[in-house]
$ cat start36.tsv   # TSV, C-alpha atoms
chain	number	residue	atom	x	y	z
A	556	MET	CA	133.14	141.61	109.30
A	557	THR	CA	133.31	143.96	112.27
A	558	GLN	CA	131.23	143.47	115.41
A	559	SER	CA	129.00	146.41	114.43
A	560	GLU	CA	128.31	144.81	111.01
A	561	LYS	CA	127.25	141.46	112.47
A	562	LYS	CA	123.56	140.71	112.84
A	563	GLN	CA	122.62	140.56	116.52
A	564	VAL	CA	120.66	137.52	117.70
A	565	LEU	CA	118.96	137.38	121.09
A	566	ILE	CA	118.29	133.91	122.55
A	567	ILE	CA	115.57	133.76	125.24
A	568	GLU	CA	115.90	130.23	126.61
A	569	ASP	CA	116.24	128.66	130.07
A	570	GLU	CA	118.13	125.47	129.17
A	571	PRO	CA	121.91	126.12	129.50
A	572	ASP	CA	122.91	123.32	127.11
A	573	ILE	CA	120.70	124.71	124.35
A	574	ILE	CA	122.01	128.24	124.95
A	575	ARG	CA	125.62	127.08	124.75
A	576	GLY	CA	125.01	125.08	121.60
A	577	LEU	CA	123.20	127.93	119.87
A	578	VAL	CA	125.78	130.54	120.91
A	579	ASP	CA	128.64	128.43	119.56
A	580	ALA	CA	126.87	127.67	116.27
A	581	LEU	CA	125.63	131.21	115.65
A	582	GLU	CA	128.94	132.84	116.49
A	583	PHE	CA	130.67	130.38	114.16
A	584	GLU	CA	128.28	131.55	111.40
A	585	GLY	CA	129.21	135.18	112.03
A	586	PHE	CA	126.37	136.39	114.24
A	587	ALA	CA	126.73	138.43	117.41
A	588	VAL	CA	124.80	136.63	120.17
A	589	ALA	CA	123.23	137.67	123.47
A	590	SER	CA	121.09	135.51	125.74
A	591	ALA	CA	118.53	135.71	128.53
A	592	CYS	CA	117.14	132.96	130.77
A	593	THR	CA	113.72	134.43	131.61
A	594	GLY	CA	111.01	136.28	129.74
A	595	ALA	CA	111.45	139.47	131.79
A	596	GLU	CA	115.19	139.45	131.25
A	597	GLY	CA	114.68	138.82	127.54
A	598	ILE	CA	112.33	141.77	127.13
A	599	GLU	CA	114.77	144.09	128.91
A	600	LYS	CA	117.70	142.76	126.88
A	601	ALA	CA	115.78	143.29	123.64
A	602	ARG	CA	115.11	146.92	124.59
A	603	GLU	CA	118.78	147.36	125.40
A	604	ILE	CA	120.38	145.87	122.27
A	605	SER	CA	117.60	146.07	119.59
A	606	PRO	CA	118.38	142.63	118.12
A	607	ASP	CA	118.05	141.73	114.45
A	608	CYS	CA	116.41	138.41	115.39
A	609	VAL	CA	114.98	136.77	118.53
A	610	LEU	CA	115.00	133.03	119.22
A	611	LEU	CA	112.28	132.57	121.82
A	612	ASP	CA	111.57	129.45	123.88
A	613	LEU	CA	107.89	128.83	124.47
A	614	MET	CA	108.28	127.46	128.01
A	615	LEU	CA	110.12	129.88	130.32
A	616	PRO	CA	110.40	129.79	134.13
A	617	ASP	CA	108.61	133.10	134.69
A	618	ASP	CA	106.22	133.35	131.75
A	619	ASN	CA	105.17	131.65	128.53
A	620	GLY	CA	106.62	132.57	125.17
A	621	TYR	CA	103.30	133.79	123.80
A	622	ARG	CA	103.10	136.68	126.27
A	623	VAL	CA	106.80	137.44	125.85
A	624	CYS	CA	106.30	137.53	122.08
A	625	GLU	CA	103.42	139.97	122.43
A	626	ALA	CA	105.57	142.22	124.65
A	627	LEU	CA	108.44	142.13	122.16
A	628	ARG	CA	106.02	143.01	119.36
A	629	GLN	CA	104.76	146.04	121.29
A	630	ASP	CA	108.32	147.39	121.35
A	631	ASP	CA	109.33	146.36	117.82
A	632	PRO	CA	106.72	145.38	115.23
A	633	VAL	CA	109.20	144.02	112.68
A	634	VAL	CA	112.05	142.20	114.49
A	635	PRO	CA	112.00	138.55	113.36
A	636	ILE	CA	110.91	136.20	116.17
A	637	ILE	CA	111.39	132.45	115.83
A	638	MET	CA	109.78	130.31	118.52
A	639	LEU	CA	111.66	127.29	119.89
A	640	THR	CA	109.45	124.71	121.53
A	641	ALA	CA	109.04	121.04	122.34
A	642	LYS	CA	105.39	121.26	121.34
A	643	ALA	CA	104.54	120.17	117.80
A	644	GLN	CA	100.75	120.50	117.76
A	645	GLU	CA	99.24	122.64	115.02
A	646	ALA	CA	97.32	124.73	117.57
A	647	ASP	CA	100.54	125.79	119.30
A	648	LYS	CA	102.09	126.82	116.00
A	649	VAL	CA	99.01	128.80	114.98
A	650	ARG	CA	98.86	130.62	118.31
A	651	GLY	CA	102.52	131.55	117.99
A	652	LEU	CA	101.90	133.05	114.56
A	653	GLU	CA	98.85	134.90	115.84
A	654	VAL	CA	100.79	136.68	118.59
A	655	GLY	CA	103.47	137.78	116.16
A	656	ALA	CA	106.06	135.03	115.71
A	657	ASP	CA	107.58	134.78	112.24
A	658	ASP	CA	108.47	131.12	112.36
A	659	TYR	CA	108.32	128.08	114.62
A	660	VAL	CA	110.96	125.36	115.18
A	661	THR	CA	110.21	122.23	117.19
A	662	LYS	CA	112.83	120.73	119.49
A	663	PRO	CA	115.00	118.83	118.81
A	664	PHE	CA	115.92	120.86	115.73
A	665	SER	CA	118.80	121.13	113.30
A	666	VAL	CA	120.90	124.25	113.87
A	667	ALA	CA	121.59	124.34	110.13
A	668	GLU	CA	117.83	124.44	109.45
A	669	LEU	CA	117.34	127.15	112.07
A	670	ILE	CA	120.04	129.34	110.50
A	671	ALA	CA	118.53	128.74	107.04
A	672	ARG	CA	115.15	129.90	108.34
A	673	MET	CA	116.73	133.00	109.91
A	674	ASN	CA	118.49	133.89	106.66
A	675	ALA	CA	115.26	133.40	104.70
A	676	ILE	CA	113.52	135.89	106.99
A	677	PHE	CA	116.38	138.38	106.58
A	678	ARG	CA	116.15	138.11	102.78
A	679	ARG	CA	112.40	138.65	102.90
A	680	GLN	CA	112.86	141.72	105.10
A	681	ASN	CA	115.40	143.15	102.67
A	682	ARG	CA	112.98	142.73	99.78
A	683	MET	CA	110.21	144.43	101.71
A	684	ALA	CA	112.46	147.32	102.76
A	685	ALA	CA	113.50	147.88	99.16
A	686	GLN	CA	109.89	148.38	98.10
A	687	ASP	CA	109.38	151.41	100.38
A	688	GLU	CA	105.68	151.34	99.60
A	689	THR	CA	103.18	154.05	100.58
A	690	PHE	CA	99.44	153.89	99.97
A	691	SER	CA	96.13	155.10	101.42
A	692	ILE	CA	93.14	153.27	102.88
A	693	GLY	CA	90.17	155.04	104.41
A	694	GLY	CA	92.07	158.29	104.82
A	695	TRP	CA	95.00	156.55	106.52
A	696	GLU	CA	98.43	156.92	104.93
A	697	ILE	CA	100.21	153.55	105.13
A	698	ASN	CA	104.02	153.73	105.17
A	699	GLY	CA	105.51	150.37	104.24
A	700	ARG	CA	109.05	151.29	105.24
A	701	LYS	CA	108.16	152.62	108.68
A	702	HIS	CA	105.32	150.16	109.34
A	703	THR	CA	103.01	153.00	110.33
A	704	MET	CA	99.57	154.32	109.43
A	705	THR	CA	98.89	158.03	109.83
A	706	LYS	CA	95.79	160.21	109.69
A	707	GLY	CA	96.13	163.83	110.82
A	708	ARG	CA	97.94	163.78	114.15
A	709	SER	CA	97.20	160.12	114.81
A	710	THR	CA	99.87	157.51	114.06
A	711	LYS	CA	99.55	153.77	114.68
A	712	ARG	CA	102.15	151.03	114.27
A	713	LEU	CA	101.60	148.00	112.07
A	714	THR	CA	103.17	144.62	112.65
A	715	PHE	CA	104.90	142.84	109.78
A	716	TYR	CA	101.93	140.54	109.19
A	717	GLU	CA	99.34	143.33	109.46
A	718	LEU	CA	101.20	145.29	106.80
A	719	GLU	CA	101.62	142.26	104.53
A	720	MET	CA	97.91	141.50	104.81
A	721	LEU	CA	96.97	145.06	103.88
A	722	LYS	CA	99.38	144.99	100.92
A	723	LEU	CA	97.97	141.73	99.58
A	724	LEU	CA	94.37	142.90	99.96
A	725	ARG	CA	95.32	146.18	98.25
A	726	GLU	CA	96.96	144.34	95.34
A	727	ARG	CA	93.56	142.78	94.67
A	728	SER	CA	91.54	145.82	95.67
A	729	GLU	CA	87.76	145.30	95.47
A	730	GLU	CA	88.29	141.61	94.62
A	731	PRO	CA	87.61	138.83	97.14
A	732	VAL	CA	90.75	137.17	98.53
A	733	SER	CA	90.28	133.76	100.14
A	734	ARG	CA	91.39	132.94	103.67
A	735	ASP	CA	93.46	130.09	102.25
A	736	ASP	CA	95.29	132.46	99.89
A	737	LEU	CA	96.06	134.93	102.67
A	738	LEU	CA	97.27	132.17	104.98
A	739	GLU	CA	99.53	130.52	102.40
A	740	LYS	CA	101.00	133.64	100.79
A	741	ILE	CA	101.67	135.59	104.01
A	742	TRP	CA	102.38	132.90	106.61
A	743	GLY	CA	103.38	130.01	104.35
A	744	VAL	CA	100.95	127.76	106.24
A	745	GLN	CA	98.69	125.26	104.52
A	746	ALA	CA	94.96	125.81	104.81
A	747	ASN	CA	93.20	124.26	107.79
A	748	PRO	CA	89.49	124.74	108.60
A	749	ASN	CA	90.35	125.27	112.29
A	750	ASN	CA	93.03	127.89	111.64
A	751	ARG	CA	91.74	131.31	112.75
A	752	THR	CA	94.96	133.24	112.13
A	753	VAL	CA	93.59	135.28	109.20
A	754	ASP	CA	90.32	136.13	110.98
A	755	ASN	CA	92.15	137.21	114.14
A	756	PHE	CA	94.43	139.53	112.17
A	757	ILE	CA	91.46	140.99	110.31
A	758	VAL	CA	89.90	141.86	113.69
A	759	LYS	CA	93.13	143.63	114.72
A	760	LEU	CA	93.33	145.56	111.44
A	761	ARG	CA	89.70	146.65	111.63
A	762	ARG	CA	90.24	148.00	115.15
A	763	LYS	CA	93.11	150.13	113.82
A	764	LEU	CA	91.70	151.13	110.46
A	765	GLU	CA	87.92	151.39	110.68
A	766	GLU	CA	85.96	154.19	112.35
A	767	ASP	CA	83.56	151.52	113.61
A	768	HIS	CA	85.25	148.11	113.59
A	769	LYS	CA	81.90	146.39	114.11
A	770	SER	CA	80.52	147.95	110.90
A	771	PRO	CA	83.58	148.00	108.62
A	772	LYS	CA	83.56	150.01	105.39
A	773	HIS	CA	86.99	149.09	104.04
A	774	ILE	CA	87.86	145.51	105.02
A	775	LEU	CA	84.72	143.56	104.17
A	776	THR	CA	83.89	139.93	104.84
A	777	VAL	CA	83.02	137.75	101.85
A	778	TYR	CA	81.06	135.09	103.72
A	779	GLY	CA	82.22	131.54	103.27
A	780	PHE	CA	85.29	132.68	101.32
A	781	GLY	CA	87.48	135.45	102.71
A	782	TYR	CA	87.81	139.25	102.58
A	783	LYS	CA	88.05	142.15	100.19
A	784	LEU	CA	89.39	145.69	100.53
A	785	LEU	CA	87.56	148.86	99.54
A	786	PRO	CA	90.16	151.67	99.83

$ encode --input "start36.tsv" --output "structure tokens"
Amino acid sequence: MTQSEKKQVLIIEDEPDIIRGLVDALEFEGFAVASACTGAEGIEKAREISPDCVLLDLMLPDDNGYRVCEALRQDDPVVPIIMLTAKAQEADKVRGLEVGADDYVTKPFSVAELIARMNAIFRRQNRMAAQDETFSIGGWEINGRKHTMTKGRSTKRLTFYELEMLKLLRERSEEPVSRDDLLEKIWGVQANPNNRTVDNFIVKLRRKLEEDHKSPKHILTVYGFGYKLLP
């Protein structure tokens, strides 16, 4: 495999021992690896190399991983981001998913498990890319390959999870879909009454899709259950 054919991984981490260990393991597995020690450096490096995957530490010397994740998502809505953190609380994991992380690994972690999770995300991306799906909601043309929604001259970008939520709601168009179903099928997270991930993403989608997000006509709340889509 040539250098140009290797998947590029960006590590944003401030602990030298962890960086060295990850670089050695990932290069052994055939990845090209770059690293950054601060959030600001990581964002600039990501813009420079357009990585295929980002391994992002939650606790950085200049910023926290949540804000860095949001900045990375603004530049690239689909690059896989896996958070690395010493925190194991459910709330931390949920917040990471809400700001755009694809997965969450708690330190200390197995490098073999981390690589397996990365490869699972790559396989999922390949399946999604192969679908090349296009559909319409409320006059917006949704392009599944480009992760965009377009109406007239206006184009907005969709994150991976925003697109997946729209696709699942569309599959069951005009039928109620439970919060638990959305959470488990899209994020792979078990239902939890305190988990607001689905509701937070619905708010984001309504702001992009609806003419008046406070009085939605397309993504409707089914109180006490979930949501349904009226295209």

$ closest_atom_pairs --input "start36.tsv" --of "region 561-599 of chain A" --to "region 657-667 of chain A" --cutoff "9 Å" --atoms "all atoms listed in the file" --output "CSV"
residue,atom,partner,partner_atom,distance
A:Gly576,CA,A:Val666,CA,8.8
A:Leu577,CA,A:Val666,CA,7.4
A:Ala580,CA,A:Val666,CA,7.3
A:Leu581,CA,A:Val666,CA,8.6

$ residues_near_point --input "start36.tsv" --point "(93.3, 139.5, 109.8)" --cutoff "10 Å" --atoms "all atoms listed in the file" --output "PyMOL selection string"
chain A and resi 653+716-717+720-721+734+737-738+751-761+774+782

$ residues_around --input "start36.tsv" --residues "Val777 (chain A)" --least-positions-apart "4" --cutoff "12 Å" --atoms "all atoms listed in the file" --output "list in words"
Glu729, Glu730, Pro731, Val732, Ser733, Arg734, Asp754, Gly781, Tyr782, Lys783 and Leu784 of chain A

$ atom_distance --input "start36.tsv" --atom1 "CA of Pro616 (chain A)" --atom2 "CA of Asp579 (chain A)"
23.4 Å

$ closest_residue --input "start36.tsv" --among "A:Glu688, A:Asp736, A:Asp631, A:Glu582" --to "Asp607 (chain A)" --atoms "all atoms listed in the file"
A:Asp631

$ atom_distance --input "start36.tsv" --atom1 "CA of Glu765 (chain A)" --atom2 "CA of Arg628 (chain A)"
21.8 Å

$ residues_around --input "start36.tsv" --residues "Leu627 (chain A)" --least-positions-apart "5" --cutoff "10 Å" --atoms "all atoms listed in the file" --output "ChimeraX atom specification"
/A:594,597-599,601-602,609,621-622,632-634,636,655-656

$ atom_distance --input "start36.tsv" --atom1 "CA of Val649 (chain A)" --atom2 "CA of Ala671 (chain A)"
21.1 Å

$ residues_around --input "start36.tsv" --residues "Ala589 (chain A)" --least-positions-apart "5" --cutoff "7 Å" --atoms "all atoms listed in the file" --output "PyMOL selection string"
chain A and resi 564-566

$ residues_near_point --input "start36.tsv" --point "(108.0, 135.3, 132.9)" --cutoff "8 Å" --atoms "all atoms listed in the file" --output "list in words"
Thr593, Gly594, Ala595, Leu615, Pro616, Asp617, Asp618, Asn619 and Val623 of chain A
